[in-house]
>>> print(open('protein.pdb').read())   # PDB, C-alpha atoms
ATOM      1  CA  MET A 627      15.294  13.331  22.541
ATOM      2  CA  LYS A 628      14.716  10.412  24.872
ATOM      3  CA  LYS A 629      17.539   8.482  23.188
ATOM      4  CA  PHE A 630      19.781  11.461  23.824
ATOM      5  CA  HIS A 631      18.918  11.334  27.541
ATOM      6  CA  ILE A 632      19.731   7.633  27.635
ATOM      7  CA  LEU A 633      23.073   8.262  25.952
ATOM      8  CA  TRP A 634      23.943  10.978  28.487
ATOM      9  CA  ALA A 635      22.998   8.658  31.339
ATOM     10  CA  LEU A 636      25.193   5.954  29.774
ATOM     11  CA  ALA A 637      28.058   8.429  29.451
ATOM     12  CA  VAL A 638      27.801   9.365  33.144
ATOM     13  CA  LEU A 639      27.716   5.716  34.186
ATOM     14  CA  GLY A 640      30.653   5.046  31.880
ATOM     15  CA  VAL A 641      32.658   7.907  33.372
ATOM     16  CA  VAL A 642      31.970   6.579  36.887
ATOM     17  CA  ALA A 643      33.050   3.072  35.808
ATOM     18  CA  ALA A 644      36.160   4.432  34.064
ATOM     19  CA  HIS A 645      37.198   6.349  37.193
ATOM     20  CA  TYR A 646      36.644   3.261  39.309
ATOM     21  CA  MET A 647      38.896   1.296  36.933
ATOM     22  CA  VAL A 648      41.587   4.004  36.912
ATOM     23  CA  PHE A 649      41.734   4.748  40.635
ATOM     24  CA  VAL A 650      40.716   1.460  42.267
ATOM     25  CA  PHE A 651      40.845  -1.552  39.948
ATOM     26  CA  VAL A 652      44.012  -1.190  37.912
ATOM     27  CA  PRO A 653      47.340  -2.172  39.581
ATOM     28  CA  MET A 654      49.915   0.484  40.400
ATOM     29  CA  GLU A 655      52.583   0.668  37.721
ATOM     30  CA  ALA A 656      55.909  -0.074  39.389
ATOM     31  CA  GLU A 657      58.170   2.489  37.715
ATOM     32  CA  MET A 658      56.046   5.602  37.198
ATOM     33  CA  ARG A 659      53.765   4.928  40.181
ATOM     34  CA  ALA A 660      50.675   7.177  40.589
ATOM     35  CA  VAL A 661      51.449   9.546  37.741
ATOM     36  CA  GLN A 662      51.041   6.673  35.247
ATOM     37  CA  ARG A 663      47.277   6.814  35.928
ATOM     38  CA  ILE A 664      47.156  10.014  33.872
ATOM     39  CA  PHE A 665      47.722   7.776  30.828
ATOM     40  CA  TYR A 666      44.220   6.306  31.007
ATOM     41  CA  PHE A 667      42.693   9.607  29.908
ATOM     42  CA  HIS A 668      45.743  11.085  28.181
ATOM     43  CA  VAL A 669      46.164   8.324  25.554
ATOM     44  CA  PRO A 670      42.444   7.980  24.616
ATOM     45  CA  SER A 671      42.244  11.798  24.428
ATOM     46  CA  ALA A 672      45.063  11.740  21.865
ATOM     47  CA  TRP A 673      43.211   9.089  19.829
ATOM     48  CA  LEU A 674      40.002  11.135  19.977
ATOM     49  CA  CYS A 675      41.907  14.246  18.946
ATOM     50  CA  PHE A 676      43.050  12.335  15.855
ATOM     51  CA  ILE A 677      39.509  11.041  15.225
ATOM     52  CA  GLY A 678      38.177  14.620  15.435
ATOM     53  CA  PHE A 679      40.768  15.852  12.944
ATOM     54  CA  LEU A 680      40.164  12.892  10.623
ATOM     55  CA  LEU A 681      36.413  13.610  10.680
ATOM     56  CA  CYS A 682      37.225  17.238   9.879
ATOM     57  CA  PHE A 683      39.397  16.021   6.987
ATOM     58  CA  GLY A 684      36.587  13.807   5.608
ATOM     59  CA  ALA A 685      33.961  16.544   5.926
ATOM     60  CA  SER A 686      36.328  19.114   4.360
ATOM     61  CA  VAL A 687      36.897  16.839   1.362
ATOM     62  CA  GLY A 688      33.104  16.402   1.176
ATOM     63  CA  TYR A 689      32.650  20.174   1.226
ATOM     64  CA  LEU A 690      35.264  20.754  -1.477
ATOM     65  CA  VAL A 691      33.550  18.159  -3.689
ATOM     66  CA  ASN A 692      29.862  18.929  -3.026
ATOM     67  CA  ARG A 693      29.885  22.490  -1.585
ATOM     68  CA  LYS A 694      27.133  21.546   0.873
ATOM     69  CA  SER A 695      27.130  23.699   4.023
ATOM     70  CA  THR A 696      26.314  20.618   6.156
ATOM     71  CA  TYR A 697      29.808  19.249   5.444
ATOM     72  CA  ASP A 698      31.367  22.590   6.300
ATOM     73  CA  LEU A 699      29.499  22.797   9.611
ATOM     74  CA  PHE A 700      30.417  19.227  10.499
ATOM     75  CA  ALA A 701      34.079  19.875   9.630
ATOM     76  CA  ARG A 702      34.154  22.884  11.937
ATOM     77  CA  ALA A 703      32.380  21.072  14.787
ATOM     78  CA  SER A 704      34.674  18.020  14.587
ATOM     79  CA  ALA A 705      37.801  20.200  14.407
ATOM     80  CA  GLU A 706      36.692  22.101  17.520
ATOM     81  CA  VAL A 707      35.948  18.929  19.489
ATOM     82  CA  GLY A 708      39.239  17.409  18.281
ATOM     83  CA  LEU A 709      41.029  20.547  19.405
ATOM     84  CA  MET A 710      39.420  20.286  22.839
ATOM     85  CA  PHE A 711      40.805  16.754  23.207
ATOM     86  CA  GLY A 712      44.152  18.005  21.884
ATOM     87  CA  LEU A 713      44.180  20.586  24.657
ATOM     88  CA  ILE A 714      43.560  17.802  27.173
ATOM     89  CA  VAL A 715      46.576  15.939  25.744
ATOM     90  CA  LEU A 716      48.778  19.036  25.945
ATOM     91  CA  THR A 717      47.823  19.786  29.556
ATOM     92  CA  SER A 718      47.857  16.258  30.987
ATOM     93  CA  GLY A 719      51.080  15.335  29.105
ATOM     94  CA  PRO A 720      53.433  17.809  30.842
ATOM     95  CA  LEU A 721      51.902  16.881  34.223
ATOM     96  CA  TRP A 722      52.790  13.263  33.509
ATOM     97  CA  ALA A 723      56.248  14.206  32.161
ATOM     98  CA  ARG A 724      57.174  16.207  35.292
ATOM     99  CA  GLY A 725      56.426  13.178  37.466
ATOM    100  CA  ALA A 726      57.978  10.582  35.149
ATOM    101  CA  TRP A 727      60.842  12.350  33.354
ATOM    102  CA  GLY A 728      61.457  15.173  35.842
ATOM    103  CA  VAL A 729      60.814  17.878  33.223
ATOM    104  CA  TRP A 730      57.630  19.550  31.993
ATOM    105  CA  TRP A 731      58.520  19.424  28.308
ATOM    106  CA  LYS A 732      61.087  17.879  25.977
ATOM    107  CA  TRP A 733      61.686  18.864  22.370
ATOM    108  CA  GLU A 734      61.171  15.232  21.517
ATOM    109  CA  PRO A 735      59.743  14.133  18.109
ATOM    110  CA  ARG A 736      56.283  13.015  19.243
ATOM    111  CA  LEU A 737      55.712  15.998  21.525
ATOM    112  CA  THR A 738      56.919  18.447  18.895
ATOM    113  CA  THR A 739      54.860  16.967  16.022
ATOM    114  CA  MET A 740      51.765  16.768  18.261
ATOM    115  CA  ALA A 741      52.198  20.408  19.349
ATOM    116  CA  LEU A 742      52.551  21.435  15.682
ATOM    117  CA  LEU A 743      49.424  19.493  14.683
ATOM    118  CA  ILE A 744      47.408  21.151  17.442
ATOM    119  CA  LEU A 745      48.781  24.597  16.553
ATOM    120  CA  ILE A 746      47.708  24.135  12.909
ATOM    121  CA  PHE A 747      44.178  23.202  13.985
ATOM    122  CA  ALA A 748      44.195  26.103  16.453
ATOM    123  CA  ALA A 749      44.926  28.321  13.425
ATOM    124  CA  TYR A 750      42.001  26.629  11.628
ATOM    125  CA  TRP A 751      39.756  27.447  14.604
ATOM    126  CA  VAL A 752      40.911  31.094  14.757
ATOM    127  CA  LEU A 753      40.188  31.374  11.033
ATOM    128  CA  ARG A 754      36.670  30.007  11.505
ATOM    129  CA  VAL A 755      35.920  32.265  14.479
ATOM    130  CA  PHE A 756      37.325  35.552  13.162
ATOM    131  CA  GLY A 757      37.357  35.023   9.392
ATOM    132  CA  GLY A 758      33.631  35.343   8.810
ATOM    133  CA  ASN A 759      31.487  32.873   6.960
ATOM    134  CA  GLY A 760      32.122  33.687   3.336
ATOM    135  CA  GLU A 761      32.620  31.125   0.576
ATOM    136  CA  GLY A 762      36.332  31.973   0.304
ATOM    137  CA  ILE A 763      36.970  31.403   4.006
ATOM    138  CA  ARG A 764      35.092  28.103   3.913
ATOM    139  CA  LYS A 765      37.181  26.852   0.996
ATOM    140  CA  PHE A 766      40.409  28.087   2.574
ATOM    141  CA  ALA A 767      39.532  26.359   5.875
ATOM    142  CA  ALA A 768      38.679  23.134   4.046
ATOM    143  CA  PHE A 769      42.034  23.154   2.218
ATOM    144  CA  LEU A 770      43.850  23.935   5.475
ATOM    145  CA  ALA A 771      42.204  20.933   7.164
ATOM    146  CA  VAL A 772      43.053  18.678   4.207
ATOM    147  CA  LEU A 773      46.694  19.771   4.298
ATOM    148  CA  ALA A 774      47.011  19.610   8.106
ATOM    149  CA  THR A 775      45.520  16.172   8.750
ATOM    150  CA  PRO A 776      48.342  14.051   7.189
ATOM    151  CA  ASN A 777      50.506  15.336  10.077
ATOM    152  CA  ILE A 778      48.757  12.697  12.195
ATOM    153  CA  TYR A 779      50.935  10.151  10.358
ATOM    154  CA  PHE A 780      54.104  11.955  11.494
ATOM    155  CA  VAL A 781      52.877  12.043  15.102
ATOM    156  CA  ARG A 782      52.164   8.311  14.880
ATOM    157  CA  VAL A 783      55.593   7.303  13.510
ATOM    158  CA  ALA A 784      57.661  10.003  15.290
ATOM    159  CA  VAL A 785      58.943   7.790  18.118
ATOM    160  CA  LYS A 786      60.149   4.980  15.825
ATOM    161  CA  LYS A 787      61.405   7.142  12.971
ATOM    162  CA  TRP A 788      63.298   9.748  14.991
ATOM    163  CA  ARG A 789      63.987   7.658  18.116
ATOM    164  CA  GLY A 790      61.963   9.657  20.598
ATOM    165  CA  ASP A 791      61.702   9.148  24.354
ATOM    166  CA  HIS A 792      57.912   9.187  24.448
ATOM    167  CA  PRO A 793      56.374   5.812  25.409
ATOM    168  CA  ASN A 794      55.278   3.962  22.277
ATOM    169  CA  ASN A 795      52.803   1.078  21.892
ATOM    170  CA  VAL A 796      51.977   1.222  25.600
ATOM    171  CA  ILE A 797      48.835  -0.844  25.064
ATOM    172  CA  SER A 798      50.284  -3.907  23.381
ATOM    173  CA  ARG A 799      53.173  -4.211  25.859
ATOM    174  CA  SER A 800      51.209  -3.702  29.058
ATOM    175  CA  ASP A 801      49.484  -5.811  31.698
ATOM    176  CA  PRO A 802      45.998  -7.166  30.648
ATOM    177  CA  ASP A 803      44.277  -5.121  33.423
ATOM    178  CA  ILE A 804      46.014  -1.945  32.263
ATOM    179  CA  ARG A 805      45.031  -2.716  28.658
ATOM    180  CA  MET A 806      41.397  -3.365  29.585
ATOM    181  CA  THR A 807      41.211  -0.121  31.616
ATOM    182  CA  MET A 808      42.697   1.820  28.707
ATOM    183  CA  TYR A 809      40.089   0.403  26.281
ATOM    184  CA  ILE A 810      37.204   1.100  28.690
ATOM    185  CA  CYS A 811      38.400   4.694  29.127
ATOM    186  CA  PHE A 812      38.631   5.027  25.343
ATOM    187  CA  PHE A 813      35.066   3.825  24.727
ATOM    188  CA  VAL A 814      33.677   6.029  27.502
ATOM    189  CA  LEU A 815      35.498   9.075  26.140
ATOM    190  CA  LEU A 816      34.343   8.130  22.630
ATOM    191  CA  LEU A 817      30.744   8.340  23.855
ATOM    192  CA  VAL A 818      31.447  11.720  25.506
ATOM    193  CA  PHE A 819      33.155  12.854  22.269
ATOM    194  CA  SER A 820      30.122  11.839  20.162
ATOM    195  CA  LEU A 821      27.668  13.628  22.463
ATOM    196  CA  ILE A 822      29.727  16.829  22.553
ATOM    197  CA  LEU A 823      30.147  16.691  18.761
ATOM    198  CA  TYR A 824      26.378  16.312  18.368
ATOM    199  CA  LEU A 825      25.743  19.339  20.637
ATOM    200  CA  ARG A 826      28.398  21.437  18.912
ATOM    201  CA  TYR A 827      27.118  20.579  15.444
ATOM    202  CA  GLY A 828      23.565  21.458  16.574
ATOM    203  CA  ALA A 829      24.724  24.848  17.879
ATOM    204  CA  LEU A 830      26.555  25.623  14.623
ATOM    205  CA  LYS A 831      23.551  24.517  12.559
ATOM    206  CA  ASP A 832      21.261  26.805  14.596
ATOM    207  CA  ARG A 833      23.658  29.679  13.951
ATOM    208  CA  ALA A 834      23.596  28.978  10.202
ATOM    209  CA  THR A 835      19.760  28.897  10.231
ATOM    210  CA  LEU A 836      19.801  32.181  12.106
ATOM    211  CA  GLY A 837      22.007  33.762   9.445
ATOM    212  CA  ALA A 838      19.676  32.559   6.673
ATOM    213  CA  LEU A 839      16.630  33.904   8.525
ATOM    214  CA  ARG A 840      18.307  37.289   9.021
ATOM    215  CA  ARG A 841      19.064  37.488   5.308
ATOM    216  CA  ARG A 842      15.432  36.649   4.515
ATOM    217  CA  LEU A 843      14.223  39.355   6.902
ATOM    218  CA  SER A 844      16.581  41.954   5.460
ATOM    219  CA  LYS A 845      15.247  41.127   1.982
ATOM    220  CA  LEU A 846      11.772  41.872   3.323
ATOM    221  CA  GLY A 847      13.128  45.184   4.558
ATOM    222  CA  VAL A 848      12.743  44.423   8.278
TER     223      VAL A 848
ATOM    224  CA  MET B1310      15.210  20.428  30.640
ATOM    225  CA  LEU B1311      17.757  18.554  28.549
ATOM    226  CA  ARG B1312      20.384  21.202  29.299
ATOM    227  CA  ASN B1313      19.866  20.699  33.025
ATOM    228  CA  HIS B1314      20.555  16.996  32.619
ATOM    229  CA  VAL B1315      23.671  17.724  30.631
ATOM    230  CA  TRP B1316      24.990  20.106  33.274
ATOM    231  CA  LEU B1317      24.157  17.727  36.053
ATOM    232  CA  ALA B1318      26.054  14.984  34.230
ATOM    233  CA  ILE B1319      29.118  17.126  33.585
ATOM    234  CA  SER B1320      29.199  18.479  37.141
ATOM    235  CA  LEU B1321      28.899  14.967  38.515
ATOM    236  CA  CYS B1322      31.804  13.792  36.355
ATOM    237  CA  ALA B1323      33.922  16.741  37.427
ATOM    238  CA  VAL B1324      33.239  16.360  41.139
ATOM    239  CA  LEU B1325      33.648  12.606  41.029
ATOM    240  CA  SER B1326      36.882  12.719  39.086
ATOM    241  CA  PHE B1327      38.399  15.428  41.223
ATOM    242  CA  GLY B1328      37.276  13.805  44.466
ATOM    243  CA  TRP B1329      38.539  10.394  43.459
ATOM    244  CA  ALA B1330      41.896  11.727  42.386
ATOM    245  CA  MET B1331      42.180  13.844  45.567
ATOM    246  CA  ALA B1332      41.538  10.750  47.639
ATOM    247  CA  GLN B1333      44.630   9.188  46.089
ATOM    248  CA  THR B1334      47.284  10.074  48.656
ATOM    249  CA  PRO B1335      50.417   8.086  49.404
ATOM    250  CA  ALA B1336      49.115   7.153  52.840
ATOM    251  CA  ASN B1337      45.779   5.624  51.955
ATOM    252  CA  VAL B1338      46.929   3.999  48.761
ATOM    253  CA  GLU B1339      50.047   2.411  50.214
ATOM    254  CA  ALA B1340      48.251  -0.652  51.585
ATOM    255  CA  SER B1341      46.454  -1.507  48.365
ATOM    256  CA  ALA B1342      49.493  -0.525  46.306
ATOM    257  CA  ALA B1343      51.684  -2.984  48.193
ATOM    258  CA  LYS B1344      49.239  -5.716  47.295
ATOM    259  CA  GLN B1345      49.076  -4.612  43.690
ATOM    260  CA  MET B1346      52.831  -4.164  43.398
ATOM    261  CA  ALA B1347      53.237  -7.867  43.988
ATOM    262  CA  GLU B1348      51.268  -8.461  40.807
ATOM    263  CA  THR B1349      53.441  -6.275  38.565
ATOM    264  CA  LYS B1350      57.140  -6.836  38.031
ATOM    265  CA  PRO B1351      59.414  -4.159  39.499
ATOM    266  CA  PRO B1352      61.843  -2.578  37.037
ATOM    267  CA  GLN B1353      65.338  -4.008  36.782
ATOM    268  CA  SER B1354      66.847  -0.818  38.187
ATOM    269  CA  ALA B1355      64.810  -1.161  41.369
ATOM    270  CA  LYS B1356      66.339  -4.563  42.051
ATOM    271  CA  GLN B1357      69.922  -3.641  41.194
ATOM    272  CA  PRO B1358      71.030  -0.192  42.359
ATOM    273  CA  SER B1359      73.102   1.766  39.901
ATOM    274  CA  ALA B1360      76.884   1.613  40.255
ATOM    275  CA  TYR B1361      76.874   5.406  40.571
ATOM    276  CA  SER B1362      74.438   5.506  43.504
ATOM    277  CA  ASN B1363      75.974   6.467  46.823
ATOM    278  CA  PRO B1364      74.771   4.206  49.653
ATOM    279  CA  LYS B1365      75.593   6.930  52.221
ATOM    280  CA  VAL B1366      73.068   9.350  50.714
ATOM    281  CA  ASP B1367      69.589   9.020  52.184
ATOM    282  CA  THR B1368      67.247   9.097  49.183
ATOM    283  CA  SER B1369      64.072   8.362  51.163
ATOM    284  CA  LYS B1370      63.267  12.099  51.558
ATOM    285  CA  SER B1371      63.551  12.860  47.853
ATOM    286  CA  ASP B1372      61.637   9.666  47.040
ATOM    287  CA  ALA B1373      58.803  10.764  49.331
ATOM    288  CA  ALA B1374      58.787  14.228  47.728
ATOM    289  CA  LEU B1375      58.644  12.675  44.262
ATOM    290  CA  GLU B1376      55.803  10.402  45.346
ATOM    291  CA  GLU B1377      53.920  13.426  46.745
ATOM    292  CA  LEU B1378      54.494  15.349  43.504
ATOM    293  CA  ARG B1379      53.166  12.436  41.422
ATOM    294  CA  TYR B1380      49.914  12.273  43.399
ATOM    295  CA  LYS B1381      49.551  16.048  43.208
ATOM    296  CA  HIS B1382      50.008  15.977  39.442
ATOM    297  CA  LEU B1383      47.535  13.122  39.139
ATOM    298  CA  TRP B1384      44.678  15.092  40.676
ATOM    299  CA  ILE B1385      45.644  18.330  38.931
ATOM    300  CA  ALA B1386      45.561  16.446  35.589
ATOM    301  CA  TYR B1387      42.109  14.961  36.207
ATOM    302  CA  GLY B1388      40.842  18.286  37.526
ATOM    303  CA  LEU B1389      42.094  20.062  34.391
ATOM    304  CA  ILE B1390      40.683  17.422  32.034
ATOM    305  CA  TRP B1391      37.151  17.915  33.364
ATOM    306  CA  LEU B1392      37.593  21.680  33.615
ATOM    307  CA  ILE B1393      38.406  21.803  29.876
ATOM    308  CA  VAL B1394      35.368  19.641  29.050
ATOM    309  CA  PHE B1395      33.193  21.796  31.350
ATOM    310  CA  LEU B1396      34.322  25.095  29.785
ATOM    311  CA  PHE B1397      33.833  23.769  26.261
ATOM    312  CA  MET B1398      30.333  22.563  27.140
ATOM    313  CA  LEU B1399      29.552  25.911  28.794
ATOM    314  CA  ARG B1400      30.585  27.767  25.633
ATOM    315  CA  THR B1401      28.524  25.434  23.417
ATOM    316  CA  TYR B1402      25.540  25.736  25.729
ATOM    317  CA  LYS B1403      25.708  29.561  25.816
ATOM    318  CA  VAL B1404      26.021  29.841  22.033
ATOM    319  CA  GLY B1405      23.193  27.327  21.540
ATOM    320  CA  ARG B1406      20.874  29.146  23.942
ATOM    321  CA  GLU B1407      21.559  32.560  22.409
ATOM    322  CA  ASN B1408      20.940  31.161  18.934
ATOM    323  CA  ARG B1409      17.683  29.498  19.926
ATOM    324  CA  ASP B1410      16.382  32.626  21.668
ATOM    325  CA  THR B1411      17.223  34.839  18.694
ATOM    326  CA  LEU B1412      15.771  32.258  16.291
ATOM    327  CA  ASP B1413      12.476  32.181  18.191
ATOM    328  CA  THR B1414      12.262  36.004  18.237
ATOM    329  CA  LEU B1415      12.993  36.291  14.520
ATOM    330  CA  LYS B1416      10.592  33.489  13.606
ATOM    331  CA  ASN B1417       7.786  35.200  15.548
ATOM    332  CA  ARG B1418       8.543  38.517  13.822
ATOM    333  CA  LEU B1419       8.488  36.839  10.433
ATOM    334  CA  LEU B1420       5.211  35.084  11.224
ATOM    335  CA  LYS B1421       3.611  38.358  12.315
ATOM    336  CA  LEU B1422       4.797  40.100   9.144
ATOM    337  CA  GLU B1423       3.463  37.300   6.939
ATOM    338  CA  GLN B1424       0.078  37.412   8.706
ATOM    339  CA  LYS B1425      -0.003  41.203   8.361
ATOM    340  CA  ASP B1426       0.713  41.039   4.625
ATOM    341  CA  GLY B1427      -1.732  38.203   4.185
TER     342      GLY B1427
END
>>> encode(input="protein.pdb", output="structure tokens")
Amino acid sequence: MKKFHILWALAVLGVVAAHYMVFVFVPMEAEMRAVQRIFYFHVPSAWLCFIGFLLCFGASVGYLVNRKSTYDLFARASAEVGLMFGLIVLTSGPLWARGAWGVWWKWEPRLTTMALLILIFAAYWVLRVFGGNGEGIRKFAAFLAVLATPNIYFVRVAVKKWRGDHPNNVISRSDPDIRMTMYICFFVLLLVFSLILYLRYGALKDRATLGALRRRLSKLGV
Amino acid sequence: MLRNHVWLAISLCAVLSFGWAMAQTPANVEASAAKQMAETKPPQSAKQPSAYSNPKVDTSKSDAALEELRYKHLWIAYGLIWLIVFLFMLRTYKVGRENRDTLDTLKNRLLKLEQKDG
């Protein structure tokens, strides 16, 4: 528990440092000006969204192979946290686009594939929330996650393959200060991601224990 | 106790982020931006005006409006980012607390029943 406190304190310090880097340290980008600063949380959020979905994919495969409920709970928790970061990408993206492109949204390959990926995982989440907790639903959700995750590849290659307008490889082509700030923001958000995932998994595990206890009580006739 | 720390941390992040982004206005950033602009190369288009641009049209007003819009979107984006994190944490916290409370109640009931039955 003490370690958990230390990690939260580190996360807060990291967030403070990341904001200092974003708003004070990093130079103003000449073309996009202030709105470019959205990138420092937008891009790492997209990476963390992918990490969340990849973790969900791994845990879903684990569940389909071993049928252990721990894998199923972890898959659900990581999909939900990934979806939260996906929502951050979908809200901060149009705000950047309006300031940089002059429009809120473009039916451009990366934006479209990303929106589709998030919609599929939103469907996964709806299924988990309203579909109950039966064996069939768990298997269906696991297969859905396994089938949805390869879409990350299409999001990744969309700009090159279909000649999109979305900035691509912004890290490798940018100023060293911009690159460093982006990496710091990523590691800080990764820590926040891990802590939220831990909390979410704990809450789901408690709910599963509660269900088991209720079943035990009903068997006793209480 | 732990939950209080978590909420304190999240609230601090939210306030800090929002405040910092709000403080970013064209006026107070202009001085530092001018210094920083020297370090980054301006785009080619900024140096050479387009052949289609009309020198008689005063673009300074629309440029200022665009600059204002960019700052506004910057703080809205950071505000929304932390709002999403905050709401997700709130949901997780509520679910976790409800589960723990119910778990404790059920565990106590089960313990009492087991003691009663011997």
>>> closest_residue(input="protein.pdb", among="A:Met740, A:Leu823, A:Ala656, A:Val669", to="chain B", atoms="all atoms listed in the file")
A:Ala656
>>> closest_residue(input="protein.pdb", among="A:Ile677, A:Leu821, A:Val772, A:Val687", to="chain B", atoms="all atoms listed in the file")
A:Leu821
>>> closest_atom_pairs(input="protein.pdb", of="chain A", to="chain B", cutoff="9 Å", atoms="all atoms listed in the file", output="CSV")
residue,atom,partner,partner_atom,distance
A:Met627,CA,B:Leu1311,CA,8.3
A:Phe630,CA,B:Leu1311,CA,8.8
A:His631,CA,B:Leu1311,CA,7.4
A:Trp634,CA,B:Val1315,CA,7.1
A:Ala635,CA,B:Ala1318,CA,7.6
A:Ala637,CA,B:Ala1318,CA,8.4
A:Val638,CA,B:Ala1318,CA,6.0
A:Val641,CA,B:Cys1322,CA,6.7
A:Val642,CA,B:Cys1322,CA,7.2
A:His645,CA,B:Ser1326,CA,6.7
A:Tyr646,CA,B:Trp1329,CA,8.5
A:Phe649,CA,B:Trp1329,CA,7.1
A:Val650,CA,B:Ser1341,CA,8.9
A:Val652,CA,B:Gln1345,CA,8.4
A:Pro653,CA,B:Gln1345,CA,5.1
A:Met654,CA,B:Ala1342,CA,6.0
A:Glu655,CA,B:Thr1349,CA,7.0
A:Ala656,CA,B:Pro1351,CA,5.4
A:Glu657,CA,B:Pro1352,CA,6.3
A:Met658,CA,B:Arg1379,CA,8.5
A:Arg659,CA,B:Arg1379,CA,7.6
A:Ala660,CA,B:Tyr1380,CA,5.9
A:Val661,CA,B:Arg1379,CA,5.0
A:Gln662,CA,B:Leu1383,CA,8.3
A:Arg663,CA,B:Leu1383,CA,7.1
A:Ile664,CA,B:Leu1383,CA,6.1
A:Phe667,CA,B:Tyr1387,CA,8.3
A:His668,CA,B:Ile1390,CA,9.0
A:Val707,CA,B:Phe1397,CA,8.6
A:Met710,CA,B:Ile1393,CA,7.3
A:Phe711,CA,B:Val1394,CA,8.5
A:Leu713,CA,B:Ile1393,CA,7.9
A:Ile714,CA,B:Ile1390,CA,5.7
A:Val715,CA,B:Ile1390,CA,8.7
A:Thr717,CA,B:Ala1386,CA,7.3
A:Ser718,CA,B:Ala1386,CA,5.1
A:Gly719,CA,B:Ala1386,CA,8.6
A:Leu721,CA,B:His1382,CA,5.6
A:Trp722,CA,B:His1382,CA,7.1
A:Arg724,CA,B:Arg1379,CA,8.2
A:Gly725,CA,B:Arg1379,CA,5.2
A:Ala726,CA,B:Arg1379,CA,8.1
A:Asp801,CA,B:Thr1349,CA,7.9
A:Ile822,CA,B:Met1398,CA,7.4
A:Leu825,CA,B:Thr1401,CA,7.3
A:Arg826,CA,B:Thr1401,CA,6.0
A:Gly828,CA,B:Gly1405,CA,7.7
A:Ala829,CA,B:Gly1405,CA,4.7
A:Leu830,CA,B:Gly1405,CA,7.9
A:Asp832,CA,B:Asn1408,CA,6.2
A:Arg833,CA,B:Asn1408,CA,5.9
A:Thr835,CA,B:Leu1412,CA,8.0
A:Leu836,CA,B:Leu1412,CA,5.8
A:Leu839,CA,B:Leu1415,CA,7.4
A:Arg840,CA,B:Leu1415,CA,7.7
A:Leu843,CA,B:Leu1419,CA,7.2
A:Val848,CA,B:Leu1419,CA,9.0
>>> write_last_selection(input="protein.pdb", atoms="C-alpha atoms", output="tab-separated table (two decimals), in the frame of the given file")
chain	number	residue	atom	x	y	z
A	627	MET	CA	15.29	13.33	22.54
A	630	PHE	CA	19.78	11.46	23.82
A	631	HIS	CA	18.92	11.33	27.54
A	634	TRP	CA	23.94	10.98	28.49
A	635	ALA	CA	23.00	8.66	31.34
A	637	ALA	CA	28.06	8.43	29.45
A	638	VAL	CA	27.80	9.36	33.14
A	641	VAL	CA	32.66	7.91	33.37
A	642	VAL	CA	31.97	6.58	36.89
A	645	HIS	CA	37.20	6.35	37.19
A	646	TYR	CA	36.64	3.26	39.31
A	649	PHE	CA	41.73	4.75	40.64
A	650	VAL	CA	40.72	1.46	42.27
A	652	VAL	CA	44.01	-1.19	37.91
A	653	PRO	CA	47.34	-2.17	39.58
A	654	MET	CA	49.92	0.48	40.40
A	655	GLU	CA	52.58	0.67	37.72
A	656	ALA	CA	55.91	-0.07	39.39
A	657	GLU	CA	58.17	2.49	37.72
A	658	MET	CA	56.05	5.60	37.20
A	659	ARG	CA	53.76	4.93	40.18
A	660	ALA	CA	50.68	7.18	40.59
A	661	VAL	CA	51.45	9.55	37.74
A	662	GLN	CA	51.04	6.67	35.25
A	663	ARG	CA	47.28	6.81	35.93
A	664	ILE	CA	47.16	10.01	33.87
A	667	PHE	CA	42.69	9.61	29.91
A	668	HIS	CA	45.74	11.08	28.18
A	707	VAL	CA	35.95	18.93	19.49
A	710	MET	CA	39.42	20.29	22.84
A	711	PHE	CA	40.80	16.75	23.21
A	713	LEU	CA	44.18	20.59	24.66
A	714	ILE	CA	43.56	17.80	27.17
A	715	VAL	CA	46.58	15.94	25.74
A	717	THR	CA	47.82	19.79	29.56
A	718	SER	CA	47.86	16.26	30.99
A	719	GLY	CA	51.08	15.34	29.10
A	721	LEU	CA	51.90	16.88	34.22
A	722	TRP	CA	52.79	13.26	33.51
A	724	ARG	CA	57.17	16.21	35.29
A	725	GLY	CA	56.43	13.18	37.47
A	726	ALA	CA	57.98	10.58	35.15
A	801	ASP	CA	49.48	-5.81	31.70
A	822	ILE	CA	29.73	16.83	22.55
A	825	LEU	CA	25.74	19.34	20.64
A	826	ARG	CA	28.40	21.44	18.91
A	828	GLY	CA	23.56	21.46	16.57
A	829	ALA	CA	24.72	24.85	17.88
A	830	LEU	CA	26.56	25.62	14.62
A	832	ASP	CA	21.26	26.80	14.60
A	833	ARG	CA	23.66	29.68	13.95
A	835	THR	CA	19.76	28.90	10.23
A	836	LEU	CA	19.80	32.18	12.11
A	839	LEU	CA	16.63	33.90	8.52
A	840	ARG	CA	18.31	37.29	9.02
A	843	LEU	CA	14.22	39.35	6.90
A	848	VAL	CA	12.74	44.42	8.28
>>> atom_distance(input="protein.pdb", atom1="CA of Asn759 (chain A)", atom2="CA of Leu699 (chain A)")
10.6 Å
>>> atom_distance(input="protein.pdb", atom1="CA of Leu690 (chain A)", atom2="CA of Lys765 (chain A)")
6.9 Å
>>> atom_distance(input="protein.pdb", atom1="CA of Leu636 (chain A)", atom2="CA of Leu674 (chain A)")
18.5 Å
